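Please read the structure below before turning to the comments.
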Number of protein chains: 2
Amino acid sequence: MEELIRYGEKFFDELEIAVYRSKDVSANVELNEISMASTRSGAVTILRGIKDKRLGLAIIDSDEPARIREAIEQAAKMAKLNSRDEKWVSLPEPGKYREKPKPNYELKEASPDQLVEMLVRGIKLAREKDENVIVAGGEGGVSWEERHIVNSHGIDVFQEGGAAFFFLELVGRKEGTVTPGIFDFDARRDLKLDVDGVVERAVQKVKWAYDVKASKNEEVPIILGPWAIAGLLSYALFPAFSGERLVKETTPLAGKVGEKISSDVLTIYDDPFHELAIEPVIADGEGVPTRKNVLIENGTFRGFVWDNYWAKVYGTESTGNGKRDLRSGGINIGFHSMVIENGKRSLEDMISEIEHGYFVDGFQGTHSSNPDNGNFAVTANPAFLIEDGEVKGASVFLVAGNVYELLKQASEVSKEQIVMPFMTTIITPFVKFENVKIAGK
Amino acid sequence: MEELIRYGEKFFDELEIAVYRSKDVSANVELNEISMASTRSGAVTILRGIKDKRLGLAIIDSDEPARIREAIEQAAKMAKLNSRDEKWVSLPEPGKYREKPKPNYELKEASPDQLVEMLVRGIKLAREKDENVIVAGGEGGVSWEERHIVNSHGIDVFQEGGAAFFFLELVGRKEGTVTPGIFDFDARRDLKLDVDGVVERAVQKVKWAYDVKASKNEEVPIILGPWAIAGLLSYALFPAFSGERLVKETTPLAGKVGEKISSDVLTIYDDPFHELAIEPVIADGEGVPTRKNVLIENGTFRGFVWDNYWAKVYGTESTGNGKRDLRSGGINIGFHSMVIENGKRSLEDMISEIEHGYFVDGFQGTHSSNPDNGNFAVTANPAFLIEDGEVKGASVFLVAGNVYELLKQASEVSKEQIVMPFMTTIITPFVKFENVKIAGK
């Protein structure tokens, strides 16, 4: 790599070479059957070079030095054609990195067989537990990644690691009722995926869903599950923590550092080193050391996250939140592993105290939320009616509101903490909110 | 391949090996600058084997014989774990193929440089023509594919070829007005992409869009452009032509073969050999010969399209419409190159006759259309107001209706025929519809 950097310096004032090698094995389920087993592997090199504040960016599907040389030349040609980015300061300098967590090489050698077996066991278990259940979909996957980020300022970070995930989607059919698709999932840094737990939780939710209850316009306590929380916060809240949005004046959190933006029960941080984190990276996509960044501490907003570019434009430091988009090659501000701190009591205890309210497993339509102001309008589905401390059936309703008002209504977080590996990866308890206005459907 | 088929026959009653090698070069634009140049290449092999009506499907990112052997073993293990598909009949037999169109090898050797140059020229031209224009986005790309489909019944088809495409998205800002994103595009089987034409058409639409006009509830003639037609028909109409939907009773066209379903002016067929087609394949994803399939002839519905599986379930023949999904490995019924036959008069002539109506360039929200019944609810944006035979400004409105009712209101198709390479590839004229109910916004 050293030699390639030297070669690149003939063309650029500064440059960065990022090599990603990956191996992904997965198996899929469709309608109670294994529909596919796949093994994919590949290498991608992304070349970013800057000459006279002009940027060149080239991507190739290879990690061969000869091809990387070509990419350097390609990016150099592009940089010549682009105009100057007067805001450009420089690529990052090396920093102090945490010790790398030991990779689990079992994941590097994983085969689709192991996933097929898990899925077959999951399908069998689900249908034993409830003969009316169809396993409509599902997937088991293991991803392994080796990333090497090098730049002409001396950054040279290599890290490898993997994660496994598993999800099932069940649909129940009984006495003319067809339930909505009911999901459950697990994700870990080893292959001990909790198939039994996934099936048990999903089957329980299907059982609840057989009994369809009407919903009406009212104000009620609701408990949001990990899927619902991840969906809503990924679109309505998390983008507002981005320093780029602070610079561009598109975050409602501008000027609010140190202010209360939620109730005391919420503490939210981004922490790749959390024990449940599935991607414990010591450096971000541009080689800047990662760290735990507290966003909300007992309700108080603690600050924004940054990548190298926007941090320098604003006159601050990168917080290690430059995430590489392997399709476009670009760096965007993002999160490694969002964590909502958990509490002391179980979900069951929390449910047992609700006289009349809902447990919302998933929200639909979260992607149309507006992070500029926090407004959202979503459909709670599946949602489960709680009466006298017990789940009594399933329902669907609308919730339209503002995420910052909702955050102030948070009253408790559960002891359980679940890893939600889709959308923004989030490790979250179940969260209860008081007096939420819902519209019956 | 012969040897691999023989190896697979040890495990399966019948099997298919499909190898796809691809090379994609592309360059992207963001905010007046080239943001990326990429070169991607790779190989995917999809193995489908059937043993005692049990299906095994494996995908690997490789075309190496040793790896294909592993995939065969992988699929065999999976087939054992799956249950019998009693509907399974057999993989297809060889058929009579058309002569392969000569591939354009210039496309195989295309480099991102050529695309970068086109984009830079496009950006320059657009900003010369209108200094208030920002080239918000755009892409130039060349795809090259070599596909080899072999099965144990003797199918052995190899074909290679490529296509190039180009699009720009312009936004105009003038006197406080910011136009919506205005797209235009071209796609061909050579590198002679019409950059000047794309810019000219897009800049013209931006000019129209500076003048924002209110819309109101009324019944008006509208002319739909290629982007709007492709969006609406891809989601609301084309799925209804699928034989799978006939079997599953989810198409409103069941029992309507030979009946009028649109006005006389519409003739629609799927034809990979059309002179403008960008993917002139002689065989579909399972090696069945492709052909021109007429769907609507002067308003009369002519029949469904089929892949091998659903055709045999229904007791008919595949029409060569089995399309391979390279992600899931599966075969779905789809189209190669939809064509709407063109007419005699130019778009300009059609516009010149409209006293009061709209020219709709794009529809938003088409993906939520319901192909089970043809219902749709979309936002026309950008849409251009026509008064006294001339475009007078831009507007936004809603159209909610049923695609089959709309098809009966078609009154003319333009002489111009445009290739729309996104969503379902479609070669379409501008189409005029009478008395369309719109809701002002």
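Each chain in the structure tokens gets a letter, A, B and so on, in the order shown; residues start at 1 in every chain, and ligands are counted from 1 in the order they appear.
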When the cut-off is 9 Å and we count only C-alpha atoms, which residues of chain A are near chain B, given as a ChimeraX atom specification? /A:27-28,32-42,44,46,55-62,71,74-75,77-79,81-83,112-113,116-117,120,328-330
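When DSSP is run on the backbone, the residues of range 258-366 of chain A that fall into alpha helix (DSSP H) are Asn308, Tyr309, Trp310, Ala311, Lys312, Val313, Tyr314, Leu347, Glu348, Asp349, Met350, Ile351 and Ser352 of chain A.
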For N, CA, C and O atoms, I'd like the residues from the last selection saved as a compact mmCIF listing (two decimals), in the first residue's frame.
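result.txt, freshly written:
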# COMPACT_ATOMS: atom_id res chain seq x y z
N ASN A 308 -14.68 13.83 8.96
CA ASN A 308 -13.52 14.71 8.80
C ASN A 308 -13.86 16.00 8.06
O ASN A 308 -13.51 17.10 8.49
N TYR A 309 -14.61 15.88 6.93
CA TYR A 309 -14.86 17.03 6.07
C TYR A 309 -15.68 18.11 6.80
O TYR A 309 -15.28 19.26 6.89
N TRP A 310 -16.82 17.70 7.31
CA TRP A 310 -17.72 18.70 7.91
C TRP A 310 -17.16 19.25 9.22
O TRP A 310 -17.40 20.40 9.57
N ALA A 311 -16.42 18.38 9.95
CA ALA A 311 -15.79 18.86 11.18
C ALA A 311 -14.83 20.01 10.85
O ALA A 311 -14.83 21.06 11.51
N LYS A 312 -14.00 19.82 9.80
CA LYS A 312 -13.03 20.86 9.46
C LYS A 312 -13.70 22.11 8.90
O LYS A 312 -13.25 23.23 9.15
N VAL A 313 -14.79 21.92 8.15
CA VAL A 313 -15.54 23.09 7.66
C VAL A 313 -16.05 23.90 8.85
O VAL A 313 -16.01 25.13 8.87
N TYR A 314 -16.50 23.19 9.89
CA TYR A 314 -17.11 23.86 11.05
C TYR A 314 -16.04 24.34 12.04
O TYR A 314 -16.33 25.15 12.91
N LEU A 347 -39.92 -6.11 30.43
CA LEU A 347 -41.06 -5.73 29.59
C LEU A 347 -42.36 -6.24 30.20
O LEU A 347 -43.37 -5.53 30.22
N GLU A 348 -42.32 -7.45 30.71
CA GLU A 348 -43.52 -8.06 31.31
C GLU A 348 -44.05 -7.20 32.47
O GLU A 348 -45.25 -6.94 32.56
N ASP A 349 -43.13 -6.77 33.32
CA ASP A 349 -43.54 -5.91 34.44
C ASP A 349 -44.16 -4.61 33.92
O ASP A 349 -45.15 -4.12 34.45
N MET A 350 -43.54 -4.07 32.88
CA MET A 350 -44.05 -2.80 32.34
C MET A 350 -45.46 -2.99 31.77
O MET A 350 -46.34 -2.15 31.98
N ILE A 351 -45.65 -4.10 31.06
CA ILE A 351 -46.98 -4.38 30.49
C ILE A 351 -48.00 -4.59 31.61
O ILE A 351 -49.14 -4.11 31.54
N SER A 352 -47.57 -5.29 32.67
CA SER A 352 -48.51 -5.66 33.74
C SER A 352 -49.13 -4.46 34.44
O SER A 352 -50.16 -4.56 35.09
Can you list every residue in range 143-258 of chain B that DSSP puts in strand (DSSP E or B), as a VMD selection string? chain B and resid 143 to 151 156 to 174 177 to 178 182 to 188 212 218 to 224 242
Polymer residues at most 8 Å from Glu244 in chain A, only C-alpha atoms, same-chain spacing of 2 or more positions, as a list in words: Ser242, Leu246, Val247, Lys248, Trp306, Trp310 and Ile333 of chain A
Could you dump the residues just selected with N, CA, C and O atoms as a tab-separated table (two decimals), in the first residue's frame?
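result07.tsv written:
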chain	number	residue	atom	x	y	z
A	242	SER	N	-26.41	14.99	13.08
A	242	SER	CA	-25.31	15.12	12.12
A	242	SER	C	-24.76	16.54	12.07
A	242	SER	O	-25.51	17.52	11.87
A	246	LEU	N	-25.94	20.60	10.96
A	246	LEU	CA	-25.72	21.82	11.76
A	246	LEU	C	-25.17	22.91	10.83
A	246	LEU	O	-25.65	24.04	10.83
A	247	VAL	N	-24.17	22.54	10.01
A	247	VAL	CA	-23.58	23.50	9.08
A	247	VAL	C	-24.63	23.98	8.06
A	247	VAL	O	-24.73	25.16	7.77
A	248	LYS	N	-25.42	23.03	7.57
A	248	LYS	CA	-26.39	23.36	6.52
A	248	LYS	C	-27.70	23.93	7.08
A	248	LYS	O	-28.63	24.21	6.32
A	306	TRP	N	-19.53	14.01	13.81
A	306	TRP	CA	-18.86	14.59	12.65
A	306	TRP	C	-18.02	13.58	11.89
A	306	TRP	O	-17.45	12.68	12.48
A	310	TRP	N	-16.82	17.70	7.31
A	310	TRP	CA	-17.72	18.70	7.91
A	310	TRP	C	-17.16	19.25	9.22
A	310	TRP	O	-17.40	20.40	9.57
A	333	ILE	N	-21.93	11.17	7.24
A	333	ILE	CA	-21.98	11.08	8.69
A	333	ILE	C	-23.01	10.03	9.08
A	333	ILE	O	-24.14	10.04	8.59
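For the choices A:Leu4, A:Ile261, A:Val195, A:Val19, the atom-to-atom distance to Ile149 in chain A is smallest for A:Val19 when using only C-alpha atoms.
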Close residues, Ile282 in chain A itself excluded, 7 Å, only C-alpha atoms, min 3 positions apart in chain, as a short mmCIF file (atom, residue, chain, number, x, y, z; two decimals) with N, CA, C and O atoms, in the first residue's frame:
data_model
loop_
_atom_site.label_atom_id
_atom_site.label_comp_id
_atom_site.auth_asym_id
_atom_site.auth_seq_id
_atom_site.Cartn_x
_atom_site.Cartn_y
_atom_site.Cartn_z
N TYR A 97 -5.74 4.76 18.50
CA TYR A 97 -6.82 3.79 18.34
C TYR A 97 -6.96 2.91 19.58
O TYR A 97 -5.99 2.63 20.26
N ARG A 98 -8.19 2.48 19.84
CA ARG A 98 -8.44 1.47 20.87
C ARG A 98 -7.82 0.15 20.43
O ARG A 98 -7.50 -0.05 19.24
N LYS A 100 -7.90 -3.49 19.14
CA LYS A 100 -8.90 -4.19 18.32
C LYS A 100 -9.52 -5.35 19.09
O LYS A 100 -8.78 -6.17 19.62
N PRO A 289 -10.10 7.45 14.59
CA PRO A 289 -10.47 6.57 15.70
C PRO A 289 -11.95 6.76 16.08
O PRO A 289 -12.44 7.90 16.13
N THR A 290 -12.61 5.65 16.33
CA THR A 290 -13.99 5.73 16.81
C THR A 290 -13.98 5.87 18.32
O THR A 290 -12.98 5.61 18.98
#
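Candidate residues B:Gly8, B:Gly162, B:Gly172, B:Gly287 were compared for distance to Leu31 in chain B, and the nearest is B:Gly172, using only C-alpha atoms.
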9 Å contact set for Phe12 in chain A, only C-alpha atoms, chain neighbours under 6 positions out, as a count of residues only: 6
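What separates CA of Thr316 in chain B from CA of Phe241 in chain B is a distance of 14.8 Å.
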Quick one: residues within 6 Å of range 253-258 of chain A, only C-alpha atoms, excluding same-chain residues fewer than 4 positions away - as a compact mmCIF listing (two decimals) with all heavy atoms, in the first residue's frame?
# COMPACT_ATOMS: atom_id res chain seq x y z
N LEU A 246 -25.94 20.60 10.96
CA LEU A 246 -25.72 21.82 11.76
C LEU A 246 -25.17 22.91 10.83
O LEU A 246 -25.65 24.04 10.83
CB LEU A 246 -24.75 21.52 12.91
CG LEU A 246 -24.43 22.72 13.81
CD1 LEU A 246 -25.68 23.20 14.56
CD2 LEU A 246 -23.32 22.38 14.80
N THR A 300 -30.66 15.20 28.32
CA THR A 300 -29.95 16.40 27.88
C THR A 300 -29.16 16.12 26.60
O THR A 300 -28.41 15.15 26.53
CB THR A 300 -28.98 16.87 28.98
OG1 THR A 300 -29.76 17.11 30.17
CG2 THR A 300 -28.25 18.15 28.58
N PHE A 301 -29.29 17.01 25.61
CA PHE A 301 -28.59 16.85 24.35
C PHE A 301 -27.11 17.20 24.55
O PHE A 301 -26.78 18.27 25.05
CB PHE A 301 -29.23 17.76 23.29
CG PHE A 301 -28.50 17.75 21.97
CD1 PHE A 301 -28.13 16.56 21.36
CD2 PHE A 301 -28.18 18.95 21.34
CE1 PHE A 301 -27.45 16.55 20.15
CE2 PHE A 301 -27.51 18.95 20.13
CZ PHE A 301 -27.14 17.75 19.54
N ARG A 302 -26.23 16.28 24.16
CA ARG A 302 -24.81 16.45 24.45
C ARG A 302 -23.96 16.88 23.25
O ARG A 302 -22.79 17.23 23.42
CB ARG A 302 -24.23 15.14 25.01
CG ARG A 302 -24.67 14.84 26.43
CD ARG A 302 -24.11 15.90 27.38
NE ARG A 302 -24.60 15.72 28.74
CZ ARG A 302 -24.82 16.71 29.59
NH1 ARG A 302 -24.62 17.97 29.22
NH2 ARG A 302 -25.25 16.47 30.80
N GLY A 303 -24.50 16.83 22.05
CA GLY A 303 -23.69 17.32 20.93
C GLY A 303 -23.83 16.53 19.65
O GLY A 303 -24.48 15.48 19.63
Would you list the contacts of Phe166 in chain A as a ChimeraX atom specification, taking every protein, DNA or RNA residue within 10 Å and counting only C-alpha atoms, but skipping same-chain residues closer than 3 positions in sequence? /A:26-28,115,118-119,122,138-142,184-188,191,193-195,198,421
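Across A:Pro382, A:Ala283, A:Leu326, A:Asp270, the tightest approach to Leu170 in chain A is made by A:Pro382 when counting only C-alpha atoms.
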